[in-house]
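Heads up, the thing below is written out as structure tokens.
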Amino acid sequence: MKIVTVIGARPQFIKAATISRILLHDPDIKEILVHTGQHYDQNMSDIFFEELNIPHPDFNLEVGSASHAVQTGKMLEGIEAILLEEKPDWTLVYGDTNSTLAGALAATKLNIPLAHVEAGLRSFNRNMPEEINRIVTDRISDLLFAPTQTAMINLEKEGLLEASCLTGDVMFDSVLFYMEKILKNPDSFKINDLPQDYLLATVHRAENTDNIDNLKNLFQAFSESRQVIVLPIHPRTRKIIKNTILLPENVQIIDPVGYLQMLYLTMHAGKVLTDSGGLQKEAYFLGKQCITLRTETEWVETLHDNWNIITGTDPEKILKAIRSEVPSSSRNSSFGNGKASEAIVAKLKSQPTHPHF
């Protein structure tokens with residue numbers, strides 16, 4: 001069996017690592033890794049392949065930054081050419097980025113079976129480009145790997161249950177696997193010049209970075225918290241902030257970090273503030289209260305007992321959440337048993353293959 005895996009952004013590198021590690025040791029499967037180049041900065045791309053031990057891509061489209069339409073169009077053209085050359089049995093896509101959508105469309109138009117990892121997520125906010133990417137990809141996929149029961153319910157409501165499979169969350173697999181690596185040698189992941197006590201924040205979604213009022217509200221809340229806030233920052237966001245925001249003294253900006261250092265930072269943070277879906281879960285898995293700087297979350301399982309508090313960009317709500325009691329309850333097991341990757345590979349191998357060229 002031959003599988004073409006399409007990835008292009010940080011969260012996808014992490015998810016793909018868990019499955020690629022299994023595929024690499026399976027003599028019956030050959031994986032062809034396609035990197036679209038959606039994230040092309042060294043700290044947003046290359047470092048992940050190195051530290052996660054993902055084989056370097058067989059193809060790199062190097063599409064870089066552009067509008068949604070231009071970026072997706074370039075990806076479509078490049079992925080189609082690769083699929084025609086490789087003639088895979090399956091195309092595997094992850095998550096909800098433009099790379100996901102381009103890989104899905106290219107495979108479907110060539111009648112190549114398509115599998116979607118992390119299917120069934122819904123924010124029910126169609127102003128988010130990611131929401132459109134999820135809906136379209138799920139609709140045209142042949143296999144839908146749902147990370148949670150909530151995702152399965154969403155797929156059932158959309159008439160997609162027959163193609164759906166509850167596997168658990170590959171991100172949970174990843175955190176369990178790399179936590180062991182960090183705990184064996186924690187000093188190698190430590191970042192110099194950071195205080196012992198801090199909050200960890202990330203801001204990267206367009207709804208925040210492209211809205212000056214939202215950005216001002218976030219940094220107002222950060223400033224009034226009077227706690228040190230460590231902010232690893234995307235190059236694009238750094239440029240926007242430099243031109244629009246007077247940086248509070250208690251906000252310490254650092255360059256983007258790799259996945260293992262981000263896990264280390266999360267493990268040692270007092271709380272996490274983020275508009276990232278992935279970091280909401282990582283905080284939850286690591287027992288850190290999360291404050292979500294959006295008006296909704298796809299990961300409703302994390303909301304119980306205030307493990308995740310949705311504040312949007314309202315400074316008062318953010319400050320109230322920062323000052324709230326840290327939960328003492330245990331987290332639930334909604335994300336599986338840490339074996340999602342094995343379940344996904346087993347399901348793919350059980351499918352009949354058909355010639356389609």
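In the structure tokens, each chain is lettered A, B, ... as it comes, each chain's residues begin at 1, and ligands are numbered from 1 in order of appearance.
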- [ ] Within 10 Å of segment 180-195 of chain A, counting only C-alpha atoms, which residues show up once you throw out same-chain ones fewer than 2 positions away? Write them as a VMD selection string, please.
- [x] chain A and resid 175 to 178 197 to 198 228 to 230 252 254 257 to 258 260 to 265
Keeping only C-alpha atoms, write the selected residues to a file as a PDB file, in the first residue's frame.
ATOM      1  CA  VAL A 175       2.009  14.382  24.204  1.00  0.00           C
ATOM      2  CA  LEU A 176       2.382  11.023  25.970  1.00  0.00           C
ATOM      3  CA  PHE A 177       5.256   9.967  23.701  1.00  0.00           C
ATOM      4  CA  TYR A 178       7.281  13.204  23.841  1.00  0.00           C
ATOM      5  CA  ASP A 197       6.790  31.835  37.419  1.00  0.00           C
ATOM      6  CA  TYR A 198       5.013  32.867  34.232  1.00  0.00           C
ATOM      7  CA  VAL A 228       5.094  37.756  33.501  1.00  0.00           C
ATOM      8  CA  ILE A 229       3.616  36.503  30.248  1.00  0.00           C
ATOM      9  CA  VAL A 230       5.902  34.569  27.913  1.00  0.00           C
ATOM     10  CA  GLN A 252       8.347  38.727  27.273  1.00  0.00           C
ATOM     11  CA  ILE A 254      10.483  35.063  22.361  1.00  0.00           C
ATOM     12  CA  VAL A 257       9.935  27.375  19.556  1.00  0.00           C
ATOM     13  CA  GLY A 258       9.817  23.740  18.517  1.00  0.00           C
ATOM     14  CA  LEU A 260       9.241  19.864  22.548  1.00  0.00           C
ATOM     15  CA  GLN A 261      10.194  23.251  23.947  1.00  0.00           C
ATOM     16  CA  MET A 262       6.543  24.327  23.708  1.00  0.00           C
ATOM     17  CA  LEU A 263       5.553  21.276  25.733  1.00  0.00           C
ATOM     18  CA  TYR A 264       8.269  22.164  28.253  1.00  0.00           C
ATOM     19  CA  LEU A 265       6.989  25.760  28.483  1.00  0.00           C
TER      20      LEU A 265
END
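Residues lying within 9 Å of segment 272-274 of chain A, counting only C-alpha atoms and ignoring same-chain neighbours fewer than 2 positions away, are Leu199, Leu200, Ala201, Thr202, Val203, His204, Thr266, Ala269, Gly270, Ser276, Gly277, Leu279, Gln280, Ala283, Lys288, Gln289, Cys290, Ile291, Thr292, Leu293, Arg294, Ile318 and Ile322 of chain A.
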TODO: For Asp255 of chain A, please output as an NGL selection string all residues within 9 Å (counting only C-alpha atoms; exclusion window: fewer than 6 positions along the same chain).
DONE: :A and (43 or 231-235)
Go ahead and dump the residues you just picked, N, CA and C atoms, as a compact mmCIF listing (two decimals), in the first residue's frame.
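To be explicit, this is the file written out as again.txt:
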# COMPACT_ATOMS: atom_id res chain seq x y z
N ASN A 43 11.94 28.07 12.09
CA ASN A 43 11.41 27.77 13.42
C ASN A 43 9.96 27.29 13.37
N LEU A 231 5.53 34.99 25.56
CA LEU A 231 4.77 34.96 24.31
C LEU A 231 5.67 34.55 23.14
N PRO A 232 5.73 33.24 22.83
CA PRO A 232 6.41 32.84 21.59
C PRO A 232 5.57 33.35 20.42
N ILE A 233 6.23 33.99 19.47
CA ILE A 233 5.42 34.72 18.49
C ILE A 233 5.79 34.41 17.06
N HIS A 234 4.78 34.19 16.26
CA HIS A 234 4.90 33.96 14.82
C HIS A 234 5.51 35.20 14.17
N PRO A 235 6.40 35.03 13.19
CA PRO A 235 7.03 36.21 12.56
C PRO A 235 6.04 37.24 12.06
Near-Ser334 of chain A list (12 Å; only C-alpha atoms; drop same-chain fewer than 4 positions) as an mmCIF file with N, CA and C atoms, in the first residue's frame:
data_model
loop_
_atom_site.group_PDB
_atom_site.id
_atom_site.type_symbol
_atom_site.label_atom_id
_atom_site.label_comp_id
_atom_site.auth_asym_id
_atom_site.auth_seq_id
_atom_site.Cartn_x
_atom_site.Cartn_y
_atom_site.Cartn_z
ATOM 1 N N ALA A 146 -12.300 10.386 13.625
ATOM 2 C CA ALA A 146 -12.778 11.352 14.618
ATOM 3 C C ALA A 146 -12.009 11.202 15.928
ATOM 4 N N PRO A 147 -11.547 12.322 16.513
ATOM 5 C CA PRO A 147 -10.764 12.228 17.749
ATOM 6 C C PRO A 147 -11.600 12.051 19.006
ATOM 7 N N THR A 148 -12.866 12.465 18.974
ATOM 8 C CA THR A 148 -13.712 12.420 20.171
ATOM 9 C C THR A 148 -15.131 12.002 19.807
ATOM 10 N N GLN A 149 -15.898 11.658 20.833
ATOM 11 C CA GLN A 149 -17.301 11.299 20.623
ATOM 12 C C GLN A 149 -18.089 12.503 20.120
ATOM 13 N N THR A 150 -17.734 13.698 20.571
ATOM 14 C CA THR A 150 -18.404 14.908 20.080
ATOM 15 C C THR A 150 -18.219 15.047 18.566
ATOM 16 N N ALA A 151 -17.024 14.775 18.093
ATOM 17 C CA ALA A 151 -16.760 14.832 16.647
ATOM 18 C C ALA A 151 -17.602 13.796 15.905
ATOM 19 N N MET A 152 -17.740 12.617 16.490
ATOM 20 C CA MET A 152 -18.578 11.577 15.879
ATOM 21 C C MET A 152 -20.031 12.024 15.785
ATOM 22 N N LEU A 166 -14.245 6.334 15.248
ATOM 23 C CA LEU A 166 -13.751 6.967 16.473
ATOM 24 C C LEU A 166 -12.415 6.333 16.854
ATOM 25 N N THR A 167 -11.352 7.123 16.762
ATOM 26 C CA THR A 167 -10.003 6.590 16.996
ATOM 27 C C THR A 167 -9.343 7.115 18.256
ATOM 28 N N GLY A 168 -9.825 8.253 18.784
ATOM 29 C CA GLY A 168 -9.053 8.980 19.784
ATOM 30 C C GLY A 168 -8.206 10.023 19.082
ATOM 31 N N ASP A 169 -7.504 10.801 19.870
ATOM 32 C CA ASP A 169 -6.795 11.972 19.357
ATOM 33 C C ASP A 169 -5.294 11.693 19.219
ATOM 34 N N PHE A 172 -2.993 13.461 21.643
ATOM 35 C CA PHE A 172 -2.810 12.840 22.952
ATOM 36 C C PHE A 172 -1.688 11.809 22.876
ATOM 37 N N LYS A 281 -5.650 21.809 23.897
ATOM 38 C CA LYS A 281 -5.602 20.389 24.265
ATOM 39 C C LYS A 281 -4.316 20.044 25.004
ATOM 40 N N TYR A 284 -4.581 20.988 28.475
ATOM 41 C CA TYR A 284 -5.489 20.059 29.161
ATOM 42 C C TYR A 284 -4.796 18.742 29.478
ATOM 43 N N PHE A 285 -4.089 18.197 28.496
ATOM 44 C CA PHE A 285 -3.392 16.930 28.709
ATOM 45 C C PHE A 285 -2.343 17.056 29.819
ATOM 46 N N TRP A 299 -12.999 22.177 20.926
ATOM 47 C CA TRP A 299 -12.654 21.141 21.908
ATOM 48 C C TRP A 299 -13.489 21.324 23.174
ATOM 49 N N VAL A 300 -14.797 21.091 23.035
ATOM 50 C CA VAL A 300 -15.719 21.330 24.147
ATOM 51 C C VAL A 300 -15.443 20.400 25.321
ATOM 52 N N GLU A 301 -14.760 19.272 25.050
ATOM 53 C CA GLU A 301 -14.447 18.328 26.136
ATOM 54 C C GLU A 301 -13.543 18.949 27.190
ATOM 55 N N THR A 302 -12.800 20.001 26.833
ATOM 56 C CA THR A 302 -11.857 20.613 27.773
ATOM 57 C C THR A 302 -12.519 21.626 28.705
ATOM 58 N N LEU A 303 -13.801 21.922 28.491
ATOM 59 C CA LEU A 303 -14.446 23.011 29.222
ATOM 60 C C LEU A 303 -14.906 22.626 30.628
ATOM 61 N N HIS A 304 -14.965 21.333 30.919
ATOM 62 C CA HIS A 304 -15.549 20.944 32.206
ATOM 63 C C HIS A 304 -14.701 21.447 33.374
ATOM 64 N N GLY A 338 -4.410 6.967 23.989
ATOM 65 C CA GLY A 338 -3.030 7.141 23.527
ATOM 66 C C GLY A 338 -2.636 6.208 22.412
#
Open item on the list: If you run DSSP on the backbone here, which positions in segment 30-266 of chain A get strand (DSSP E)? Please write them as an MDAnalysis selection string.
Closed with: chainID A and resid 30:35 59:60 90:94 114:117 143:146 164:166 199:202 229:232 251:254
Task: Distance in Å - atom CA of Val4 of chain A versus atom CA of Thr91 of chain A - done: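 Pair atom CA of Val4 of chain A / atom CA of Thr91 of chain A returns 4.8 Å.
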Open item on the list: To test your reading of the structure, identify every residue in segment 245-332 of chain A that backbone DSSP assigns to helix (DSSP H, G or I), and report it as a ChimeraX atom specification.
Closed with: /A:259-268,277-285,300-306,315-322
Open item on the list: So the first atom is atom CA of Leu76 of chain A and the second is atom CA of Ser99 of chain A; what is the distance between them in Å, to one decimal place?
Closed with: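 Interatomic distance here is 8.7 Å.
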Task: Gap from atom CA of Ile54 of chain A to atom CA of Asp28 of chain A - Å, one decimal - done: 18.6 Å
- [ ] Using only C-alpha atoms, find the one residue out of A:Ile79, A:Ile14, A:Met267, A:Leu105 that sits nearest to Gly37 of chain A.
- [x]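 Ranking A:Ile79, A:Ile14, A:Met267, A:Leu105 by distance to Gly37 of chain A, first place goes to A:Ile79.
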TODO: Write out as a ChimeraX atom specification the residues lying within 12 Å of Leu160 of chain A, counting only C-alpha atoms and excluding same-chain residues fewer than 6 positions away.
DONE: /A:119-120,135,137-146,151-154
Residue selection dump (N, CA and C atoms) as a JSON list (two decimals), in the first residue's frame:
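Dumped to selection.json:
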[["chain", "number", "residue", "atom", "x", "y", "z"],
["A", 119, "ALA", "N", -11.20, 14.53, 11.95],
["A", 119, "ALA", "CA", -12.47, 14.86, 11.30],
["A", 119, "ALA", "C", -13.54, 15.17, 12.34],
["A", 120, "GLY", "N", -14.56, 15.90, 11.91],
["A", 120, "GLY", "CA", -15.74, 16.13, 12.73],
["A", 120, "GLY", "C", -15.66, 17.30, 13.69],
["A", 135, "ILE", "N", -15.28, 21.47, 7.00],
["A", 135, "ILE", "CA", -16.56, 21.01, 6.47],
["A", 135, "ILE", "C", -16.39, 20.41, 5.09],
["A", 137, "THR", "N", -13.59, 19.27, 3.63],
["A", 137, "THR", "CA", -12.76, 18.06, 3.66],
["A", 137, "THR", "C", -13.55, 16.86, 4.17],
["A", 138, "ASP", "N", -14.32, 17.05, 5.23],
["A", 138, "ASP", "CA", -15.12, 15.94, 5.74],
["A", 138, "ASP", "C", -16.14, 15.46, 4.70],
["A", 139, "ARG", "N", -16.74, 16.40, 4.00],
["A", 139, "ARG", "CA", -17.78, 16.05, 3.04],
["A", 139, "ARG", "C", -17.26, 15.19, 1.90],
["A", 140, "ILE", "N", -16.00, 15.36, 1.52],
["A", 140, "ILE", "CA", -15.49, 14.66, 0.34],
["A", 140, "ILE", "C", -14.55, 13.49, 0.69],
["A", 141, "SER", "N", -14.35, 13.23, 1.99],
["A", 141, "SER", "CA", -13.44, 12.16, 2.40],
["A", 141, "SER", "C", -14.12, 10.80, 2.37],
["A", 142, "ASP", "N", -13.32, 9.76, 2.15],
["A", 142, "ASP", "CA", -13.80, 8.38, 2.16],
["A", 142, "ASP", "C", -13.70, 7.76, 3.55],
["A", 143, "LEU", "N", -12.73, 8.21, 4.33],
["A", 143, "LEU", "CA", -12.58, 7.76, 5.72],
["A", 143, "LEU", "C", -12.41, 8.99, 6.61],
["A", 144, "LEU", "N", -13.17, 9.00, 7.71],
["A", 144, "LEU", "CA", -13.14, 10.13, 8.63],
["A", 144, "LEU", "C", -12.72, 9.63, 10.00],
["A", 145, "PHE", "N", -11.52, 10.05, 10.45],
["A", 145, "PHE", "CA", -11.00, 9.61, 11.73],
["A", 145, "PHE", "C", -11.32, 10.67, 12.78],
["A", 146, "ALA", "N", -12.30, 10.39, 13.63],
["A", 146, "ALA", "CA", -12.78, 11.35, 14.62],
["A", 146, "ALA", "C", -12.01, 11.20, 15.93],
["A", 151, "ALA", "N", -17.02, 14.78, 18.09],
["A", 151, "ALA", "CA", -16.76, 14.83, 16.65],
["A", 151, "ALA", "C", -17.60, 13.80, 15.91],
["A", 152, "MET", "N", -17.74, 12.62, 16.49],
["A", 152, "MET", "CA", -18.58, 11.58, 15.88],
["A", 152, "MET", "C", -20.03, 12.02, 15.79],
["A", 153, "ILE", "N", -20.51, 12.68, 16.82],
["A", 153, "ILE", "CA", -21.90, 13.16, 16.82],
["A", 153, "ILE", "C", -22.08, 14.21, 15.72],
["A", 154, "ASN", "N", -21.10, 15.10, 15.56],
["A", 154, "ASN", "CA", -21.17, 16.11, 14.49],
["A", 154, "ASN", "C", -21.25, 15.44, 13.13]]
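With distances restricted to only C-alpha atoms, A:Lys320 is the closest residue to Ala221 of chain A from A:Lys2, A:Lys320, A:Arg331, A:Arg238.
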